[in-house]
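Novice: Contents of work_8.tsv (TSV, N, CA and C atoms) are given next:
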```tsv
chain	number	residue	atom	x	y	z
A	1	MET	N	149.91	49.87	58.21
A	1	MET	CA	148.76	50.13	57.39
A	1	MET	C	149.13	50.06	55.92
A	2	VAL	N	150.30	50.62	55.57
A	2	VAL	CA	150.71	50.59	54.18
A	2	VAL	C	150.88	49.15	53.72
A	3	ASN	N	151.54	48.33	54.55
A	3	ASN	CA	151.71	46.93	54.21
A	3	ASN	C	150.36	46.23	54.06
A	4	LYS	N	149.45	46.51	54.96
A	4	LYS	CA	148.11	45.89	54.92
A	4	LYS	C	147.40	46.24	53.61
A	5	LEU	N	147.57	47.46	53.15
A	5	LEU	CA	146.87	47.91	51.95
A	5	LEU	C	147.54	47.47	50.65
A	6	THR	N	148.83	47.14	50.71
A	6	THR	CA	149.55	46.82	49.47
A	6	THR	C	150.05	45.39	49.38
A	7	LYS	N	150.00	44.62	50.45
A	7	LYS	CA	150.64	43.29	50.45
A	7	LYS	C	150.10	42.35	49.39
A	8	ASP	N	148.84	42.43	49.05
A	8	ASP	CA	148.26	41.53	48.05
A	8	ASP	C	148.07	42.21	46.68
A	9	ALA	N	148.56	43.42	46.54
A	9	ALA	CA	148.38	44.15	45.28
A	9	ALA	C	149.25	43.54	44.18
A	10	THR	N	148.69	43.50	43.00
A	10	THR	CA	149.46	43.04	41.84
A	10	THR	C	150.30	44.20	41.33
A	11	ILE	N	151.23	43.88	40.46
A	11	ILE	CA	152.06	44.93	39.86
A	11	ILE	C	151.18	45.90	39.07
A	12	ASP	N	150.19	45.39	38.37
A	12	ASP	CA	149.29	46.26	37.62
A	12	ASP	C	148.51	47.20	38.54
A	13	GLN	N	148.09	46.70	39.70
A	13	GLN	CA	147.37	47.55	40.67
A	13	GLN	C	148.31	48.62	41.23
A	14	LEU	N	149.55	48.25	41.50
A	14	LEU	CA	150.52	49.23	41.99
A	14	LEU	C	150.76	50.30	40.94
A	15	LYS	N	150.89	49.90	39.68
A	15	LYS	CA	151.06	50.88	38.59
A	15	LYS	C	149.85	51.81	38.52
A	16	ALA	N	148.65	51.23	38.58
A	16	ALA	CA	147.43	52.04	38.51
A	16	ALA	C	147.34	53.04	39.66
A	17	ALA	N	147.91	52.68	40.81
A	17	ALA	CA	147.90	53.57	41.98
A	17	ALA	C	149.06	54.56	41.96
A	18	GLY	N	149.90	54.50	40.92
A	18	GLY	CA	151.04	55.41	40.84
A	18	GLY	C	152.21	55.00	41.71
A	19	LEU	N	152.25	53.73	42.10
A	19	LEU	CA	153.30	53.24	42.98
A	19	LEU	C	154.37	52.43	42.24
A	20	ASP	N	154.38	52.50	40.92
A	20	ASP	CA	155.34	51.71	40.17
A	20	ASP	C	156.78	52.13	40.43
A	21	ASP	N	157.05	53.43	40.56
A	21	ASP	CA	158.42	53.87	40.86
A	21	ASP	C	158.87	53.35	42.21
A	22	HIS	N	157.96	53.39	43.18
A	22	HIS	CA	158.28	52.87	44.52
A	22	HIS	C	158.58	51.37	44.43
A	23	TYR	N	157.76	50.64	43.70
A	23	TYR	CA	157.93	49.20	43.57
A	23	TYR	C	159.29	48.86	42.95
A	24	VAL	N	159.68	49.61	41.92
A	24	VAL	CA	160.95	49.35	41.23
A	24	VAL	C	162.13	49.50	42.20
A	25	SER	N	162.05	50.49	43.09
A	25	SER	CA	163.16	50.74	44.02
A	25	SER	C	163.07	49.97	45.32
A	26	HIS	N	161.84	49.67	45.78
A	26	HIS	CA	161.70	49.14	47.14
A	26	HIS	C	160.79	47.92	47.25
A	27	ASP	N	160.33	47.35	46.12
A	27	ASP	CA	159.34	46.28	46.14
A	27	ASP	C	158.13	46.81	46.93
A	28	LYS	N	157.62	46.06	47.87
A	28	LYS	CA	156.49	46.53	48.69
A	28	LYS	C	156.95	46.94	50.09
A	29	ALA	N	158.26	47.09	50.26
A	29	ALA	CA	158.80	47.48	51.56
A	29	ALA	C	158.48	48.94	51.85
A	30	LEU	N	158.40	49.24	53.13
A	30	LEU	CA	158.19	50.64	53.53
A	30	LEU	C	159.45	51.44	53.27
A	31	PHE	N	159.29	52.62	52.77
A	31	PHE	CA	160.39	53.55	52.55
A	31	PHE	C	159.85	54.90	52.97
A	32	TYR	N	160.41	55.45	54.03
A	32	TYR	CA	159.84	56.65	54.63
A	32	TYR	C	160.08	57.87	53.76
A	33	GLN	N	158.97	58.43	53.28
A	33	GLN	CA	159.02	59.61	52.43
A	33	GLN	C	157.71	60.37	52.59
A	34	ASN	N	157.73	61.63	52.17
A	34	ASN	CA	156.50	62.40	52.26
A	34	ASN	C	155.62	62.11	51.03
A	35	ALA	N	154.49	62.75	50.96
A	35	ALA	CA	153.54	62.48	49.88
A	35	ALA	C	154.09	62.86	48.51
A	36	SER	N	155.12	63.69	48.47
A	36	SER	CA	155.74	64.08	47.20
A	36	SER	C	156.91	63.17	46.85
A	37	GLY	N	157.19	62.19	47.70
A	37	GLY	CA	158.28	61.26	47.43
A	37	GLY	C	159.63	61.69	47.96
A	38	VAL	N	159.67	62.76	48.75
A	38	VAL	CA	160.94	63.22	49.31
A	38	VAL	C	161.28	62.33	50.51
A	39	PRO	N	162.43	61.65	50.49
A	39	PRO	CA	162.78	60.74	51.59
A	39	PRO	C	162.90	61.46	52.93
A	40	TRP	N	162.60	60.71	53.99
A	40	TRP	CA	162.75	61.22	55.34
A	40	TRP	C	164.23	61.42	55.62
A	41	THR	N	164.52	62.45	56.39
A	41	THR	CA	165.89	62.73	56.80
A	41	THR	C	165.88	63.23	58.23
A	42	ALA	N	166.95	62.99	58.93
A	42	ALA	CA	167.06	63.45	60.32
A	42	ALA	C	167.02	64.97	60.41
A	43	ALA	N	167.21	65.65	59.29
A	43	ALA	CA	167.14	67.12	59.29
A	43	ALA	C	165.74	67.61	59.65
A	44	TYR	N	164.73	66.71	59.56
A	44	TYR	CA	163.38	67.09	59.94
A	44	TYR	C	163.25	67.27	61.46
A	45	ILE	N	164.17	66.73	62.21
A	45	ILE	CA	164.11	66.83	63.68
A	45	ILE	C	164.65	68.20	64.08
A	46	GLN	N	163.83	68.94	64.77
A	46	GLN	CA	164.21	70.29	65.19
A	46	GLN	C	164.51	70.30	66.68
A	47	ALA	N	165.60	70.90	67.06
A	47	ALA	CA	165.94	71.05	68.47
A	47	ALA	C	166.73	72.34	68.63
A	48	LYS	N	166.33	73.14	69.59
A	48	LYS	CA	166.99	74.42	69.85
A	48	LYS	C	167.87	74.34	71.09
A	49	GLY	N	167.53	73.42	71.99
A	49	GLY	CA	168.28	73.33	73.23
A	49	GLY	C	167.60	74.06	74.37
A	50	ASP	N	166.53	74.76	74.08
A	50	ASP	CA	165.72	75.43	75.08
A	50	ASP	C	164.47	74.59	75.26
A	51	PRO	N	164.21	74.09	76.47
A	51	PRO	CA	163.07	73.17	76.64
A	51	PRO	C	161.73	73.73	76.18
A	52	ILE	N	161.48	75.00	76.42
A	52	ILE	CA	160.20	75.58	76.02
A	52	ILE	C	160.12	75.69	74.50
A	53	ALA	N	161.16	76.17	73.87
A	53	ALA	CA	161.17	76.26	72.41
A	53	ALA	C	161.04	74.87	71.79
A	54	ASP	N	161.73	73.89	72.36
A	54	ASP	CA	161.66	72.52	71.83
A	54	ASP	C	160.26	71.93	72.01
A	55	LEU	N	159.62	72.22	73.12
A	55	LEU	CA	158.26	71.72	73.33
A	55	LEU	C	157.27	72.35	72.35
A	56	TYR	N	157.45	73.64	72.05
A	56	TYR	CA	156.58	74.26	71.05
A	56	TYR	C	156.79	73.61	69.69
A	57	GLU	N	158.01	73.25	69.37
A	57	GLU	CA	158.29	72.53	68.12
A	57	GLU	C	157.60	71.17	68.13
A	58	ASP	N	157.63	70.50	69.29
A	58	ASP	CA	156.94	69.21	69.42
A	58	ASP	C	155.43	69.36	69.25
A	59	ILE	N	154.88	70.43	69.83
A	59	ILE	CA	153.44	70.69	69.70
A	59	ILE	C	153.08	70.89	68.23
A	60	ALA	N	153.89	71.67	67.54
A	60	ALA	CA	153.63	71.90	66.11
A	60	ALA	C	153.68	70.59	65.32
A	61	ALA	N	154.64	69.74	65.63
A	61	ALA	CA	154.75	68.46	64.93
A	61	ALA	C	153.53	67.58	65.19
A	62	GLU	N	153.06	67.56	66.44
A	62	GLU	CA	151.88	66.76	66.78
A	62	GLU	C	150.65	67.28	66.05
A	63	GLU	N	150.51	68.59	65.97
A	63	GLU	CA	149.35	69.17	65.30
A	63	GLU	C	149.40	68.93	63.80
A	64	LYS	N	150.59	68.96	63.22
A	64	LYS	CA	150.73	68.65	61.79
A	64	LYS	C	150.37	67.19	61.54
A	65	ALA	N	150.81	66.29	62.41
A	65	ALA	CA	150.47	64.88	62.26
A	65	ALA	C	148.96	64.67	62.41
A	66	ARG	N	148.35	65.36	63.38
A	66	ARG	CA	146.90	65.26	63.57
A	66	ARG	C	146.17	65.66	62.30
A	67	ALA	N	146.59	66.77	61.71
A	67	ALA	CA	145.95	67.25	60.49
A	67	ALA	C	146.13	66.24	59.35
A	68	THR	N	147.32	65.68	59.24
A	68	THR	CA	147.58	64.70	58.18
A	68	THR	C	146.71	63.47	58.35
A	69	TYR	N	146.57	62.98	59.58
A	69	TYR	CA	145.70	61.82	59.81
A	69	TYR	C	144.26	62.16	59.42
A	70	GLN	N	143.82	63.36	59.74
A	70	GLN	CA	142.45	63.76	59.36
A	70	GLN	C	142.29	63.76	57.85
A	71	TRP	N	143.27	64.30	57.13
A	71	TRP	CA	143.17	64.34	55.67
A	71	TRP	C	143.20	62.93	55.08
A	72	LEU	N	143.97	62.02	55.70
A	72	LEU	CA	143.97	60.63	55.24
A	72	LEU	C	142.61	59.98	55.48
A	73	ILE	N	142.01	60.27	56.64
A	73	ILE	CA	140.66	59.77	56.93
A	73	ILE	C	139.69	60.26	55.87
A	74	ASP	N	139.84	61.52	55.48
A	74	ASP	CA	138.93	62.12	54.51
A	74	ASP	C	139.02	61.50	53.12
A	75	VAL	N	140.17	60.90	52.77
A	75	VAL	CA	140.33	60.38	51.40
A	75	VAL	C	140.15	58.88	51.28
A	76	THR	N	139.80	58.19	52.37
A	76	THR	CA	139.57	56.75	52.27
A	76	THR	C	138.15	56.41	52.70
A	77	ASP	N	137.63	55.36	52.08
A	77	ASP	CA	136.33	54.87	52.50
A	77	ASP	C	136.45	53.52	53.20
A	78	ASP	N	137.68	53.08	53.46
A	78	ASP	CA	137.94	51.83	54.17
A	78	ASP	C	137.72	52.07	55.66
A	79	VAL	N	136.65	51.50	56.21
A	79	VAL	CA	136.27	51.75	57.60
A	79	VAL	C	137.34	51.29	58.57
A	80	ASP	N	137.96	50.13	58.31
A	80	ASP	CA	139.02	49.64	59.20
A	80	ASP	C	140.22	50.58	59.19
A	81	LEU	N	140.58	51.07	58.03
A	81	LEU	CA	141.69	52.01	57.93
A	81	LEU	C	141.32	53.32	58.63
A	82	GLN	N	140.09	53.78	58.44
A	82	GLN	CA	139.65	55.00	59.13
A	82	GLN	C	139.74	54.84	60.65
A	83	ASP	N	139.34	53.68	61.16
A	83	ASP	CA	139.42	53.44	62.61
A	83	ASP	C	140.85	53.53	63.10
A	84	SER	N	141.79	52.92	62.37
A	84	SER	CA	143.20	52.98	62.76
A	84	SER	C	143.71	54.42	62.72
A	85	LEU	N	143.35	55.13	61.67
A	85	LEU	CA	143.78	56.53	61.54
A	85	LEU	C	143.17	57.42	62.62
A	86	LYS	N	141.92	57.15	62.99
A	86	LYS	CA	141.27	57.92	64.06
A	86	LYS	C	141.98	57.71	65.39
A	87	PHE	N	142.42	56.46	65.65
A	87	PHE	CA	143.18	56.20	66.87
A	87	PHE	C	144.48	57.00	66.85
A	88	LEU	N	145.19	56.97	65.73
A	88	LEU	CA	146.45	57.71	65.63
A	88	LEU	C	146.23	59.22	65.76
A	89	ARG	N	145.14	59.72	65.15
A	89	ARG	CA	144.81	61.15	65.26
A	89	ARG	C	144.58	61.54	66.71
A	90	GLU	N	143.81	60.73	67.43
A	90	GLU	CA	143.53	61.03	68.83
A	90	GLU	C	144.80	60.97	69.68
A	91	ARG	N	145.70	60.05	69.34
A	91	ARG	CA	146.97	59.95	70.06
A	91	ARG	C	147.78	61.24	69.90
A	92	GLU	N	147.76	61.81	68.70
A	92	GLU	CA	148.48	63.07	68.46
A	92	GLU	C	147.87	64.19	69.29
A	93	ILE	N	146.56	64.20	69.42
A	93	ILE	CA	145.89	65.23	70.23
A	93	ILE	C	146.33	65.12	71.69
A	94	VAL	N	146.38	63.90	72.21
A	94	VAL	CA	146.81	63.71	73.60
A	94	VAL	C	148.27	64.14	73.77
A	95	HIS	N	149.12	63.78	72.82
A	95	HIS	CA	150.52	64.19	72.90
A	95	HIS	C	150.63	65.72	72.93
A	96	SER	N	149.88	66.38	72.06
A	96	SER	CA	149.91	67.83	72.01
A	96	SER	C	149.48	68.43	73.35
A	97	LEU	N	148.42	67.89	73.92
A	97	LEU	CA	147.94	68.39	75.22
A	97	LEU	C	149.00	68.20	76.31
A	98	ARG	N	149.65	67.05	76.33
A	98	ARG	CA	150.69	66.80	77.35
A	98	ARG	C	151.87	67.75	77.18
A	99	PHE	N	152.28	67.98	75.92
A	99	PHE	CA	153.38	68.93	75.68
A	99	PHE	C	152.98	70.33	76.12
A	100	ARG	N	151.73	70.71	75.88
A	100	ARG	CA	151.26	72.04	76.31
A	100	ARG	C	151.29	72.16	77.84
A	101	GLU	N	150.91	71.08	78.52
A	101	GLU	CA	150.99	71.08	79.99
A	101	GLU	C	152.43	71.22	80.45
A	102	ALA	N	153.34	70.55	79.78
A	102	ALA	CA	154.76	70.64	80.15
A	102	ALA	C	155.28	72.06	79.94
A	103	VAL	N	154.85	72.72	78.87
A	103	VAL	CA	155.26	74.12	78.64
A	103	VAL	C	154.82	74.99	79.81
A	104	GLU	N	153.59	74.83	80.25
A	104	GLU	CA	153.08	75.64	81.35
A	104	GLU	C	153.86	75.38	82.64
A	105	ILE	N	154.20	74.13	82.88
A	105	ILE	CA	155.01	73.79	84.07
A	105	ILE	C	156.36	74.48	83.99
A	106	LEU	N	157.00	74.42	82.83
A	106	LEU	CA	158.31	75.07	82.67
A	106	LEU	C	158.22	76.58	82.78
A	107	LYS	N	157.15	77.16	82.24
A	107	LYS	CA	156.98	78.62	82.37
A	107	LYS	C	156.79	79.02	83.83
A	108	ASP	N	155.98	78.27	84.55
A	108	ASP	CA	155.77	78.56	85.97
A	108	ASP	C	157.08	78.45	86.74
A	109	ASP	N	157.84	77.42	86.43
A	109	ASP	CA	159.13	77.22	87.10
A	109	ASP	C	160.11	78.34	86.77
A	110	ARG	N	160.10	78.76	85.52
A	110	ARG	CA	161.03	79.83	85.08
A	110	ARG	C	160.71	81.14	85.77
A	111	GLU	N	159.43	81.41	86.02
A	111	GLU	CA	159.01	82.67	86.60
A	111	GLU	C	159.04	82.65	88.14
A	112	ALA	N	159.23	81.49	88.71
A	112	ALA	CA	159.25	81.39	90.19
A	112	ALA	C	160.53	82.02	90.73
A	113	GLN	N	160.37	82.69	91.84
A	113	GLN	CA	161.53	83.27	92.52
A	113	GLN	C	162.29	82.15	93.20
A	114	LYS	N	163.56	82.09	92.93
A	114	LYS	CA	164.38	81.06	93.55
A	114	LYS	C	165.42	81.74	94.42
A	115	VAL	N	165.34	81.44	95.70
A	115	VAL	CA	166.25	82.05	96.66
A	115	VAL	C	167.04	80.93	97.31
A	116	PHE	N	168.32	81.10	97.29
A	116	PHE	CA	169.19	80.09	97.93
A	116	PHE	C	169.88	80.66	99.11
```
Since I need it in another form, could you write the structure as structure tokens?

Specialist:
Amino acid sequence: MVNKLTKDATIDQLKAAGLDDHYVSHDKALFYQNASGVPWTAAYIQAKGDPIADLYEDIAAEEKARATYQWLIDVTDDVDLQDSLKFLREREIVHSLRFREAVEILKDDREAQKVF
């Protein structure tokens, strides 16, 4: 989506959009960073080693992504971009639901009496 929105942009348009610093360092290439320009790092990946705790972390990540997609939808009037973002938002909802189901399965398994 980023490429689609910027591929034909002139340098003046990139400057007007506040993307001149990005252009100087990365041309129009994707560079993974948050909205404040902080680069992505593997430190963002959370893992505890406990399946239930890790699934709750996954649920939180999916819900944060869902919210971000909604906020992106809210700030654009490009219908095609909104459609793409709505698909991604719905995908995050499905992922969250599946992770929640997995948590319940693990909880049921943990509480089951196991006799050998």

Novice: Using all atoms listed in the file, collect all residues at a distance of at most 5 Å from (152.0, 62.8, 66.3) as written in the file, then present them as a ChimeraX atom specification.

Specialist: /A:62,65,92

Novice: Neighbouring residues of stretch 17-22 of chain A were defined as those with any atom within 12 Å, considering only C-alpha atoms; residues of the same chain fewer than 3 positions away were excluded. Please report them as a ChimeraX atom specification.

Specialist: /A:2,5-6,9-14,25-33,35-39

Novice: Using all atoms listed in the file, pick whichever of A:Val79, A:Gln46, A:Thr41, A:Val24 has the shortest atom-to-atom distance to A:Asp58.

Specialist: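 Looking only at the distances to A:Asp58, the closest residue turns out to be A:Gln46.
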
Novice: Let's see if you can do this: from backbone DSSP, list all helix (DSSP H, G or I) residues in chain A, as a ChimeraX atom specification.

Specialist: /A:2-6,11-16,20-26,42-44,51-75,79-111

Novice: Between atom C of A:Arg91 and atom C of A:Asp54, what is the distance in Å, rounded to a tenth?

Specialist: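 Result for atom C of A:Arg91 versus atom C of A:Asp54: 16.6 Å, one decimal.
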
Novice: Kindly give the distance, in Å, that separates atom CA of A:Leu85 and atom CA of A:Tyr69, rounded to a single decimal.

Specialist: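 According to the coordinates, atom CA of A:Leu85 and atom CA of A:Tyr69 are separated by 5.9 Å.
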